[in-house]
>>> print(open('run_31.txt').read())   # compact mmCIF, C-alpha atoms
# COMPACT_ATOMS: atom_id res chain seq x y z
CA MET A 9 -56.37 -24.91 -4.03
CA ALA A 10 -53.18 -26.29 -2.63
CA THR A 11 -51.35 -25.12 -5.73
CA ARG A 12 -52.65 -21.55 -5.30
CA GLN A 13 -51.58 -21.46 -1.67
CA ALA A 14 -48.16 -22.73 -2.64
CA ARG A 15 -47.84 -19.98 -5.25
CA ARG A 16 -48.89 -17.34 -2.74
CA ARG A 17 -46.35 -18.59 -0.21
CA GLN A 18 -43.68 -18.54 -2.92
CA ARG A 19 -44.57 -14.95 -3.87
CA ARG A 20 -44.46 -13.87 -0.21
CA LEU A 21 -41.12 -15.60 0.17
CA LEU A 22 -39.70 -13.79 -2.85
CA VAL A 23 -40.97 -10.43 -1.55
CA SER A 24 -39.47 -11.05 1.87
CA ARG A 25 -36.14 -11.93 0.31
CA ALA A 26 -35.98 -8.91 -2.00
CA PRO A 27 -35.01 -6.30 0.63
CA ALA A 28 -32.33 -8.59 2.06
CA SER A 29 -30.88 -9.10 -1.41
CA ALA A 30 -30.90 -5.36 -2.05
CA GLU A 31 -29.27 -4.77 1.34
CA THR A 32 -26.57 -7.29 0.49
CA ARG A 33 -25.85 -5.49 -2.78
CA TRP A 34 -25.59 -2.16 -0.99
CA ARG A 35 -23.21 -3.67 1.55
CA ARG A 36 -21.01 -5.03 -1.20
CA LEU A 37 -21.07 -1.67 -2.94
CA ALA A 38 -20.16 0.13 0.28
CA LEU A 39 -16.97 -1.94 0.49
CA ALA A 40 -15.79 -0.18 -2.70
CA LEU A 41 -15.78 3.26 -1.04
CA THR A 42 -12.40 3.04 0.67
CA PRO A 43 -10.43 1.56 -2.28
CA GLY A 44 -12.22 3.94 -4.65
CA ALA A 45 -11.37 6.97 -2.51
CA LEU A 46 -7.72 5.89 -2.38
CA TYR A 47 -7.53 5.58 -6.18
CA LEU A 48 -9.05 9.03 -6.61
CA THR A 49 -6.48 10.42 -4.17
CA HIS A 50 -3.71 8.73 -6.19
CA LEU A 51 -4.90 10.60 -9.27
CA ALA A 52 -4.79 13.86 -7.28
CA ALA A 53 -0.98 13.62 -6.96
CA GLY A 54 -1.37 11.43 -3.87
CA ALA A 55 -2.43 14.37 -1.64
CA ASN A 56 1.24 15.32 -1.56
CA GLN A 57 0.72 18.96 -0.56
CA THR A 58 0.70 19.88 3.14
CA LEU A 59 -2.89 21.17 3.23
CA MET A 60 -4.20 18.22 1.21
CA ALA A 61 -2.29 15.74 3.37
CA GLN A 62 -3.79 17.14 6.57
CA GLY A 63 -7.27 17.20 5.05
CA PHE A 64 -6.76 13.61 3.93
CA SER A 65 -5.82 12.57 7.49
CA LEU A 66 -8.91 14.35 8.83
CA ALA A 67 -11.12 12.57 6.28
CA LEU A 68 -9.70 9.20 7.37
CA ALA A 69 -10.42 9.99 11.02
CA LEU A 70 -14.00 11.02 10.23
CA ALA A 71 -14.53 7.88 8.14
CA LEU A 72 -13.35 5.70 11.03
CA CYS A 73 -15.62 7.53 13.49
CA ALA A 74 -18.59 6.95 11.19
CA VAL A 75 -17.80 3.23 10.89
CA LEU A 76 -17.32 2.77 14.63
CA THR A 77 -20.83 4.04 15.36
CA ARG A 78 -22.05 0.53 14.51
CA PRO A 79 -21.94 -1.79 17.56
CA ARG A 80 -21.43 -4.85 15.36
CA VAL A 81 -18.25 -3.38 13.93
CA ARG A 82 -16.91 -2.62 17.39
CA ASP A 83 -17.66 -6.19 18.47
CA GLU A 84 -15.82 -7.59 15.44
CA LEU A 85 -12.75 -5.49 16.18
CA ALA A 86 -12.82 -6.61 19.81
CA GLU A 87 -12.47 -10.22 18.62
CA LEU A 88 -9.06 -9.54 17.01
CA GLY A 89 -5.99 -10.79 18.81
CA PHE A 90 -2.48 -9.30 19.19
CA VAL A 91 -3.92 -5.78 19.22
CA TRP A 92 -2.26 -4.57 22.41
CA PRO A 93 1.35 -5.27 21.32
CA LEU A 94 0.73 -3.37 18.09
CA LEU A 95 -0.87 -0.51 19.99
CA ALA A 96 2.09 -0.37 22.38
CA LEU A 97 4.57 -0.15 19.50
CA PHE A 98 2.59 2.59 17.79
CA ALA A 99 2.24 4.52 21.04
CA THR A 100 6.02 4.27 21.50
CA VAL A 101 6.57 5.86 18.08
CA LEU A 102 4.25 8.76 18.93
CA ALA A 103 5.77 9.14 22.40
CA VAL A 104 9.28 9.44 20.97
CA ALA A 105 8.08 12.00 18.43
CA LEU A 106 6.44 13.95 21.25
CA LEU A 107 9.63 13.87 23.32
CA THR A 108 11.62 15.43 20.49
CA LEU A 109 9.34 18.47 20.72
CA TYR A 110 10.36 19.22 24.32
CA LEU A 111 13.72 17.62 25.18
CA PRO A 112 16.72 19.98 24.94
CA ALA A 113 18.54 20.06 21.62
CA SER A 114 21.38 17.64 20.99
CA PRO A 115 24.79 18.98 19.88
CA ALA A 116 23.88 18.00 16.31
CA SER A 117 20.73 20.13 16.24
CA ALA A 118 21.87 22.97 18.52
CA SER A 119 23.56 24.78 15.63
CA MET A 120 20.26 24.94 13.71
CA TRP A 121 18.63 26.79 16.63
CA THR A 122 21.49 29.27 17.06
CA LEU A 123 20.22 31.62 14.35
CA THR A 124 16.71 31.80 15.86
CA GLY A 125 17.81 32.68 19.35
CA ALA A 126 15.11 30.38 20.73
CA PRO A 127 15.78 27.57 23.21
CA GLY A 128 16.46 24.56 21.05
CA VAL A 129 14.79 21.15 21.23
CA LEU A 130 15.61 17.83 19.59
CA SER A 131 13.20 18.43 16.70
CA VAL A 132 14.71 20.99 14.35
CA ASN A 133 11.27 21.74 12.90
CA ARG A 134 8.52 21.47 15.50
CA SER A 135 5.65 22.32 13.16
CA ALA A 136 6.76 19.64 10.69
CA THR A 137 6.91 17.10 13.52
CA TRP A 138 3.37 17.93 14.60
CA LEU A 139 2.18 17.55 11.01
CA GLU A 140 3.87 14.16 10.70
CA MET A 141 2.25 13.01 13.93
CA VAL A 142 -1.15 13.94 12.52
CA LYS A 143 -0.32 11.93 9.38
CA LEU A 144 0.58 8.93 11.53
CA GLY A 145 -2.78 9.28 13.26
CA GLY A 146 -4.48 9.21 9.86
CA LEU A 147 -2.57 6.06 8.93
CA ALA A 148 -3.68 4.43 12.19
CA CYS A 149 -7.29 5.27 11.28
CA ILE A 150 -7.10 3.67 7.85
CA PHE A 151 -5.32 0.64 9.32
CA VAL A 152 -8.35 0.13 11.55
CA LEU A 153 -10.62 0.63 8.54
CA GLY A 154 -8.66 -2.15 6.86
CA CYS A 155 -9.28 -4.32 9.92
CA VAL A 156 -13.01 -3.61 9.64
CA HIS A 157 -12.96 -4.74 5.99
CA GLY A 158 -11.06 -7.90 6.88
CA ALA A 159 -12.88 -8.85 10.08
CA ARG A 160 -15.22 -11.20 8.17
CA GLY A 161 -14.16 -13.53 5.38
CA GLU A 162 -16.79 -12.63 2.80
CA ARG A 163 -16.25 -8.94 3.45
CA ALA A 164 -12.50 -9.30 3.00
CA ARG A 165 -12.85 -11.27 -0.24
CA THR A 166 -15.29 -8.73 -1.63
CA THR A 167 -12.92 -5.91 -0.69
CA ILE A 168 -10.05 -7.60 -2.52
CA GLU A 169 -12.31 -8.08 -5.52
CA TRP A 170 -13.06 -4.35 -5.50
CA ILE A 171 -9.35 -3.55 -5.11
CA ILE A 172 -8.59 -5.47 -8.30
CA LEU A 173 -11.63 -4.31 -10.27
CA LEU A 174 -11.19 -0.63 -9.40
CA GLY A 175 -7.43 -1.07 -9.73
CA GLY A 176 -7.98 -2.08 -13.34
CA VAL A 177 -10.10 1.05 -13.90
CA TYR A 178 -7.44 3.19 -12.23
CA ALA A 179 -4.77 1.59 -14.42
CA ALA A 180 -6.81 2.18 -17.59
CA LEU A 181 -7.29 5.85 -16.67
CA SER A 182 -3.55 6.15 -15.96
CA ILE A 183 -2.79 4.82 -19.45
CA VAL A 184 -5.23 7.32 -20.99
CA PHE A 185 -3.63 10.22 -19.09
CA PHE A 186 -0.19 9.00 -20.11
CA LEU A 187 -1.05 8.75 -23.80
CA ALA A 188 -2.76 12.16 -23.66
CA GLY A 189 0.35 13.75 -22.17
CA LEU A 190 -1.47 14.83 -18.99
CA GLN A 191 1.48 14.07 -16.72
CA VAL A 192 4.47 15.87 -15.32
CA ARG A 193 7.06 13.50 -16.78
CA GLY A 194 7.50 11.34 -19.85
CA ARG A 195 7.02 8.09 -17.92
CA LEU A 196 3.66 6.86 -16.66
CA SER A 197 3.15 8.04 -13.09
CA GLY A 198 -0.44 7.05 -12.26
CA GLY A 199 -1.28 10.59 -11.18
CA PHE A 200 1.74 11.00 -8.89
CA LEU A 201 4.58 13.46 -9.30
CA SER A 202 7.04 10.58 -9.72
CA ALA A 203 6.84 7.50 -11.93
CA ASN A 204 8.67 5.50 -9.26
CA SER A 205 5.84 6.22 -6.82
CA GLY A 206 3.39 4.88 -9.38
CA ALA A 207 5.53 1.75 -9.72
CA THR A 208 5.10 0.99 -6.01
CA VAL A 209 1.31 1.18 -6.29
CA PHE A 210 1.08 -0.84 -9.49
CA GLY A 211 3.55 -3.35 -8.06
CA MET A 212 1.35 -3.96 -5.02
CA LEU A 213 -1.71 -4.26 -7.24
CA ALA A 214 0.10 -6.69 -9.57
CA VAL A 215 0.92 -9.05 -6.70
CA ILE A 216 -2.63 -8.97 -5.31
CA GLY A 217 -3.95 -9.34 -8.87
CA VAL A 218 -1.88 -12.49 -9.42
CA ALA A 219 -3.18 -13.96 -6.16
CA PHE A 220 -6.77 -13.15 -7.11
CA PHE A 221 -6.29 -14.62 -10.59
CA LEU A 222 -4.82 -17.83 -9.14
CA ARG A 223 -7.85 -18.19 -6.90
CA GLN A 224 -10.21 -17.69 -9.82
CA LEU A 225 -8.30 -20.24 -11.91
CA ARG A 226 -8.84 -22.88 -9.25
CA ARG A 227 -12.48 -22.01 -8.67
CA THR A 228 -13.31 -22.20 -12.39
CA ALA A 229 -11.28 -25.33 -13.17
CA ARG A 230 -14.38 -27.51 -13.62
CA LEU A 231 -16.39 -25.06 -15.72
CA ASP A 232 -16.64 -25.29 -19.47
CA GLN A 233 -14.38 -23.02 -21.50
CA LYS A 234 -16.99 -20.36 -22.23
CA ASP A 235 -18.06 -19.92 -18.61
CA ARG A 236 -14.47 -20.05 -17.43
CA LEU A 237 -13.38 -17.27 -19.78
CA ARG A 238 -16.32 -15.17 -18.65
CA LYS A 239 -15.36 -15.62 -15.00
CA LEU A 240 -11.68 -14.92 -15.67
CA ALA A 241 -12.17 -11.95 -18.00
CA THR A 242 -12.42 -9.26 -15.32
CA PRO A 243 -9.42 -10.28 -13.14
CA ALA A 244 -7.32 -11.02 -16.23
CA GLY A 245 -8.21 -7.67 -17.81
CA SER A 246 -7.45 -5.75 -14.61
CA LEU A 247 -4.15 -7.57 -14.16
CA PHE A 248 -3.24 -6.87 -17.79
CA PHE A 249 -3.82 -3.10 -17.45
CA ILE A 250 -1.95 -3.04 -14.14
CA ALA A 251 1.03 -4.85 -15.71
CA ILE A 252 1.05 -2.40 -18.63
CA CYS A 253 1.14 0.51 -16.21
CA LEU A 254 3.93 -1.08 -14.19
CA VAL A 255 6.23 -1.47 -17.18
CA LEU A 256 5.33 2.00 -18.53
CA THR A 257 6.61 3.53 -15.29
CA ALA A 258 10.04 2.30 -16.48
CA SER A 259 10.99 1.86 -12.83
CA ARG A 260 13.85 -0.62 -12.63
CA MET A 261 13.67 -1.25 -8.89
CA GLY A 262 9.87 -1.16 -8.95
CA LEU A 263 9.76 -3.92 -11.53
CA ALA A 264 12.46 -5.93 -9.73
CA ALA A 265 10.65 -5.63 -6.38
CA THR A 266 7.37 -6.69 -7.97
CA GLY A 267 8.99 -9.65 -9.72
CA ALA A 268 10.60 -10.83 -6.50
CA SER A 269 7.29 -10.52 -4.64
CA ILE A 270 5.38 -12.46 -7.31
CA VAL A 271 8.01 -15.23 -7.22
CA LEU A 272 7.66 -15.34 -3.42
CA LEU A 273 3.88 -15.58 -3.76
CA LEU A 274 4.01 -18.37 -6.35
CA VAL A 275 6.58 -20.45 -4.44
CA TRP A 276 4.69 -19.95 -1.16
CA ASP A 277 1.36 -20.82 -2.75
CA LEU A 278 2.63 -23.88 -4.62
CA ALA A 279 4.42 -25.19 -1.53
CA SER A 280 1.15 -25.08 0.38
CA GLN A 281 -0.81 -27.09 -2.20
CA ARG A 282 -1.23 -30.81 -1.53
CA LYS A 283 -2.04 -31.49 -5.17
CA ILE A 284 -1.02 -29.20 -7.98
CA ARG A 285 -3.51 -29.27 -10.82
CA LEU A 286 -2.79 -27.13 -13.85
CA THR A 287 -5.19 -27.20 -16.76
CA VAL A 288 -3.88 -25.26 -19.77
CA ARG A 289 -5.88 -25.04 -22.97
CA PRO A 290 -4.72 -23.78 -26.38
CA ARG A 291 -6.83 -20.64 -26.15
CA ASP A 292 -5.31 -19.86 -22.75
CA LEU A 293 -1.81 -20.09 -24.23
CA VAL A 294 -2.70 -17.80 -27.13
CA LEU A 295 -4.20 -15.17 -24.83
CA ALA A 296 -1.25 -15.35 -22.44
CA ALA A 297 1.28 -15.07 -25.28
CA THR A 298 -0.55 -12.06 -26.74
CA ALA A 299 -0.64 -10.32 -23.37
CA LEU A 300 3.07 -10.97 -22.78
CA ALA A 301 3.92 -9.63 -26.25
CA ILE A 302 2.04 -6.39 -25.59
CA ILE A 303 3.70 -6.02 -22.18
CA ALA A 304 7.13 -6.64 -23.76
CA VAL A 305 6.55 -3.85 -26.29
CA ALA A 306 5.37 -1.50 -23.53
CA SER A 307 8.53 -2.26 -21.53
CA LEU A 308 10.88 -0.87 -24.19
CA PRO A 309 11.30 2.48 -22.34
CA LEU A 310 12.50 0.48 -19.33
CA TRP A 311 15.48 -0.94 -21.23
CA THR A 312 16.58 2.54 -22.33
CA ARG A 313 17.17 3.35 -18.66
CA VAL A 314 19.52 0.44 -18.03
CA ASP A 315 22.48 2.53 -19.16
CA GLU A 316 21.69 5.04 -16.41
CA LEU A 317 22.13 2.50 -13.61
CA ASP A 318 25.72 3.47 -12.78
CA SER A 319 25.07 7.21 -12.64
CA ASP A 320 21.85 6.76 -10.63
CA ALA A 321 23.64 4.44 -8.21
CA THR A 322 26.31 7.09 -7.67
CA ILE A 323 23.68 9.75 -6.97
CA ARG A 324 21.77 7.49 -4.60
CA GLY A 325 25.02 6.57 -2.86
CA GLN A 326 25.83 10.22 -2.22
CA ILE A 327 22.35 10.86 -0.82
CA PHE A 328 22.52 7.79 1.40
CA SER A 329 25.98 8.54 2.78
CA THR A 330 25.07 12.15 3.56
CA HIS A 331 21.93 11.31 5.45
CA TRP A 332 23.41 8.26 7.15
CA GLY A 333 25.96 10.68 8.53
CA ALA A 334 23.10 12.91 9.72
CA PHE A 335 21.61 9.92 11.54
CA LEU A 336 24.93 9.12 13.22
CA ALA A 337 25.11 12.73 14.43
CA SER A 338 21.92 12.19 16.49
CA PRO A 339 21.38 8.42 16.60
CA VAL A 340 19.07 8.04 19.62
CA PHE A 341 16.17 10.45 18.95
CA GLY A 342 17.06 11.75 15.50
CA HIS A 343 16.24 15.27 14.35
CA GLY A 344 12.44 15.06 14.61
CA LEU A 345 9.81 13.68 12.26
CA GLY A 346 9.47 15.80 9.12
CA SER A 347 12.91 17.34 9.55
CA PHE A 348 14.39 16.01 6.29
CA ASN A 349 14.37 19.31 4.40
CA ASP A 350 16.02 21.17 7.29
CA VAL A 351 18.72 18.53 7.74
CA ASN A 352 19.27 18.29 3.99
CA GLY A 353 19.65 22.06 3.71
CA LYS A 354 22.24 22.11 6.50
CA ALA A 355 24.18 19.31 4.78
CA LEU A 356 24.58 21.19 1.48
CA THR A 357 28.15 21.81 0.36
CA THR A 358 29.78 22.85 -2.89
CA ASP A 359 30.57 19.18 -3.56
CA ASN A 360 27.07 17.74 -3.05
CA TYR A 361 24.92 20.72 -4.04
CA ALA A 362 24.14 19.38 -7.52
CA VAL A 363 22.74 16.18 -6.00
CA LEU A 364 21.04 17.36 -2.81
CA TRP A 365 19.54 20.76 -3.60
CA SER A 366 16.38 19.47 -5.31
CA ILE A 367 15.52 16.34 -3.30
CA ARG A 368 12.70 16.25 -0.72
CA ALA A 369 13.31 12.74 0.62
CA ALA A 370 16.23 10.43 1.30
CA HIS A 371 15.14 7.87 -1.35
CA ASN A 372 15.47 5.26 1.39
CA VAL A 373 12.65 4.88 3.90
CA TYR A 374 14.90 3.15 6.46
CA ILE A 375 17.62 5.81 6.47
CA GLN A 376 15.05 8.59 6.58
CA TRP A 377 13.21 7.07 9.54
CA LEU A 378 16.49 6.60 11.41
CA GLU A 379 17.52 10.16 10.60
CA GLU A 380 14.23 11.71 11.68
CA ALA A 381 13.13 9.44 14.56
CA GLY A 382 16.44 7.93 15.64
CA VAL A 383 16.77 4.39 16.92
CA ALA A 384 14.22 5.12 19.67
CA GLY A 385 11.48 5.94 17.16
CA ALA A 386 12.47 3.97 14.07
CA LEU A 387 12.90 0.54 15.67
CA PRO A 388 9.35 0.48 17.13
CA MET A 389 7.97 1.46 13.72
CA PHE A 390 9.99 -1.25 11.94
CA ALA A 391 8.92 -3.75 14.62
CA LEU A 392 5.28 -2.71 14.18
CA VAL A 393 5.29 -3.47 10.44
CA ALA A 394 7.24 -6.69 10.95
CA ALA A 395 4.81 -7.85 13.66
CA ILE A 396 1.76 -7.23 11.46
CA MET A 397 3.26 -9.14 8.56
CA LEU A 398 4.58 -11.98 10.73
CA ILE A 399 1.29 -12.43 12.60
CA SER A 400 -0.58 -12.44 9.28
CA ALA A 401 1.79 -14.92 7.63
CA LEU A 402 1.70 -17.35 10.56
CA HIS A 403 -2.10 -17.35 10.68
CA ILE A 404 -2.61 -18.10 6.99
CA ALA A 405 -2.10 -21.85 7.42
CA LYS A 406 -5.01 -21.92 9.91
CA MET A 407 -7.46 -20.24 7.53
CA ARG A 408 -10.29 -22.38 6.15
CA SER A 409 -10.56 -20.41 2.92
CA GLY A 410 -8.94 -17.46 1.19
CA GLN A 411 -5.36 -18.52 1.86
CA THR A 412 -4.12 -17.52 -1.61
CA LEU A 413 -5.64 -14.06 -1.28
CA ALA A 414 -4.06 -13.63 2.15
CA ARG A 415 -0.66 -14.64 0.78
CA GLY A 416 -1.09 -12.06 -1.95
CA LEU A 417 -1.74 -9.34 0.64
CA VAL A 418 1.37 -10.28 2.63
CA ALA A 419 3.53 -10.57 -0.50
CA SER A 420 2.32 -7.18 -1.75
CA SER A 421 3.95 -5.59 1.32
CA VAL A 422 7.28 -6.98 0.15
CA VAL A 423 7.05 -4.68 -2.88
CA VAL A 424 6.88 -1.67 -0.56
CA LEU A 425 9.71 -2.89 1.66
CA LEU A 426 12.05 -3.63 -1.25
CA HIS A 427 11.27 -0.55 -3.33
CA GLY A 428 11.45 1.61 -0.22
CA ALA A 429 15.19 0.93 -0.07
CA THR A 430 15.76 3.09 -3.17
CA ASP A 431 12.75 5.39 -3.38
CA TYR A 432 10.37 7.59 -1.40
CA ALA A 433 6.89 6.30 -2.29
CA LEU A 434 5.92 6.04 1.39
CA GLN A 435 6.39 9.80 1.74
CA VAL A 436 3.30 10.19 -0.49
CA PRO A 437 0.22 10.25 1.81
CA SER A 438 -2.12 8.21 -0.39
CA ILE A 439 0.48 5.46 -0.94
CA ALA A 440 1.23 5.22 2.78
CA ALA A 441 -2.53 5.09 3.41
CA SER A 442 -3.03 2.35 0.81
CA TRP A 443 -0.35 0.23 2.42
CA ALA A 444 -1.76 0.82 5.91
CA PHE A 445 -5.19 -0.24 4.62
CA LEU A 446 -3.74 -3.46 3.14
CA LEU A 447 -1.85 -4.19 6.37
CA GLY A 448 -5.06 -3.83 8.37
CA LEU A 449 -6.97 -5.95 5.85
CA GLN A 450 -4.48 -8.84 6.02
CA PHE A 451 -4.11 -8.58 9.82
CA ALA A 452 -7.86 -9.09 10.37
CA PHE A 453 -8.53 -11.41 7.43
CA THR A 454 -5.95 -13.98 8.51
CA GLN A 455 -7.50 -14.16 11.98
CA TRP A 456 -11.00 -14.89 10.64
CA ARG A 457 -12.12 -18.43 11.49
CA SER A 458 -15.90 -18.72 11.10
>>> encode(input="run_31.txt", output="structure tokens")
Amino acid sequence: MATRQARRRQRRLLVSRAPASAETRWRRLALALTPGALYLTHLAAGANQTLMAQGFSLALALALCAVLTRPRVRDELAELGFVWPLLALFATVLAVALLTLYLPASPASASMWTLTGAPGVLSVNRSATWLEMVKLGGLACIFVLGCVHGARGERARTTIEWIILLGGVYAALSIVFFLAGLQVRGRLSGGFLSANSGATVFGMLAVIGVAFFLRQLRRTARLDQKDRLRKLATPAGSLFFIAICLVLTASRMGLAATGASIVLLLVWDLASQRKIRLTVRPRDLVLAATALAIIAVASLPLWTRVDELDSDATIRGQIFSTHWGAFLASPVFGHGLGSFNDVNGKALTTDNYAVLWSIRAAHNVYIQWLEEAGVAGALPMFALVAAIMLISALHIAKMRSGQTLARGLVASSVVVLLHGATDYALQVPSIAASWAFLLGLQFAFTQWRS
């Protein structure tokens, strides 16, 4: 009799647990929506057309509104610290952009308004400035979404797991499209219009992938070889496909920025370890050597571009000097967000026409921000990014778990900052959104204590 009652209680217990287990699975699956949507947007040329970019910003705002309907989420966000300084910096950026729409034109921009006969303002293209402000609003929304994903430790770790898993799928699809010739250029681009833009994305993923793989190595150190390989197969496979994509972009600065960021991650992570335990088995060495050999073969197109370094440096130098001069012509408030094409068109001469006529960005995110927003708008934006990364980095040592993953998130931002000095990946809406999401994720994750 007692045995029957025990069995009944056990069955009731299993039934009561089933819905909770199903709910947990659905919650884990829901965390894949944001990374998955970003990868799909990457494949759609990064939403790089004006209408798509505005629709993308609207979708991000709607997604945030839907998430904030849950009281628990609002409570979790209210627990985050250092929010008000970040909000003040972002509000300063928007305020400066708004001022350029109404303040009288500077001497540098007055000549652009002469032909229209309209009273000039600081922004030489008011509609473009409004559009850029909407994009910034979209980036703020996805930053908050990243904070929601990182506000709890398990949620953040699951999100990073999805980023790597879906990143491997995205990388595999990119390789298929590349081999099938379904791209604009001969180098792998990951769905973007530029292979260098793809290199920024795959570089960020490679750094996070290395951090995730390191964590899995430590967690599986005591398992037998069969179970360990099974646990490591997915992160290793994803990292392998991501690395293949990175080298197939043949982006010299993208690869250099990624390498520097991975070195930073490894040194930072090793320096934080009290005891360094490294278990290497023969099969691990064979698999690693095979993967490196395949990556080396895939990187052959990269070496063919080494000879072009001098000519590309000359072209970049001419672009930089021209637009640095445009910044110096209006250093305080710039020429208005989104004004690059107008300023570039005005700067065309017979000497620089061959270099400048076809570009749509300055190939340097720092010069372009200074040119468009001036010191008044660019410095708060630079300070905003620096504050997020610094706050995140300083909080990592206080975390009880997930430190390696958090270091990977911070180090992945270094890829963007370094590559942004020679390319325009952040001008692509989906790439800027991906970075904003990762910044929000690391900002909240590193403050989690429970």
>>> residues_around(input="run_31.txt", residues="Tyr110 in chain A", least_positions_apart="4", cutoff="8 Å", atoms="all atoms listed in the file", output="PyMOL selection string")
chain A and resi 106+129-130
>>> residues_around(input="run_31.txt", residues="Ala265 in chain A", least_positions_apart="3", cutoff="6 Å", atoms="all atoms listed in the file", output="PyMOL selection string")
chain A and resi 261-262+268+423+426-427
>>> atom_distance(input="run_31.txt", atom1="CA of Met407 in chain A", atom2="CA of Gln455 in chain A")
7.5 Å
>>> atom_distance(input="run_31.txt", atom1="CA of Arg35 in chain A", atom2="CA of Pro79 in chain A")
16.2 Å
>>> closest_residue(input="run_31.txt", among="A:Thr100, A:Thr330, A:Gln191, A:Thr454", to="Ala391 in chain A", atoms="all atoms listed in the file")
A:Thr100
>>> atom_distance(input="run_31.txt", atom1="CA of Pro243 in chain A", atom2="CA of Thr208 in chain A")
19.7 Å
>>> closest_residue(input="run_31.txt", among="A:Gln326, A:Gln233, A:Thr108, A:Ser420", to="Asn360 in chain A", atoms="only C-alpha atoms")
A:Gln326
>>> axis_aligned_box(input="run_31.txt", around="range 28-37 of chain A", padding_each_side="5 Å", output="lines of an AutoDock Vina configuration file")
center_x = -26.7
center_y = -5.4
center_z = -0.4
size_x = 21.3
size_y = 17.4
size_z = 15.0
>>> residues_around(input="run_31.txt", residues="Glu169 in chain A", least_positions_apart="6", cutoff="10 Å", atoms="only C-alpha atoms", output="ChimeraX atom specification")
/A:39-40,163,175,216-217,220,242-243,413
>>> closest_residue(input="run_31.txt", among="A:Asn372, A:Thr42, A:Ser280, A:Ser197", to="Thr167 in chain A", atoms="all atoms listed in the file")
A:Thr42
>>> closest_residue(input="run_31.txt", among="A:Ser65, A:Thr430, A:Ser400, A:Ser329", to="Gly158 in chain A", atoms="all atoms listed in the file")
A:Ser400
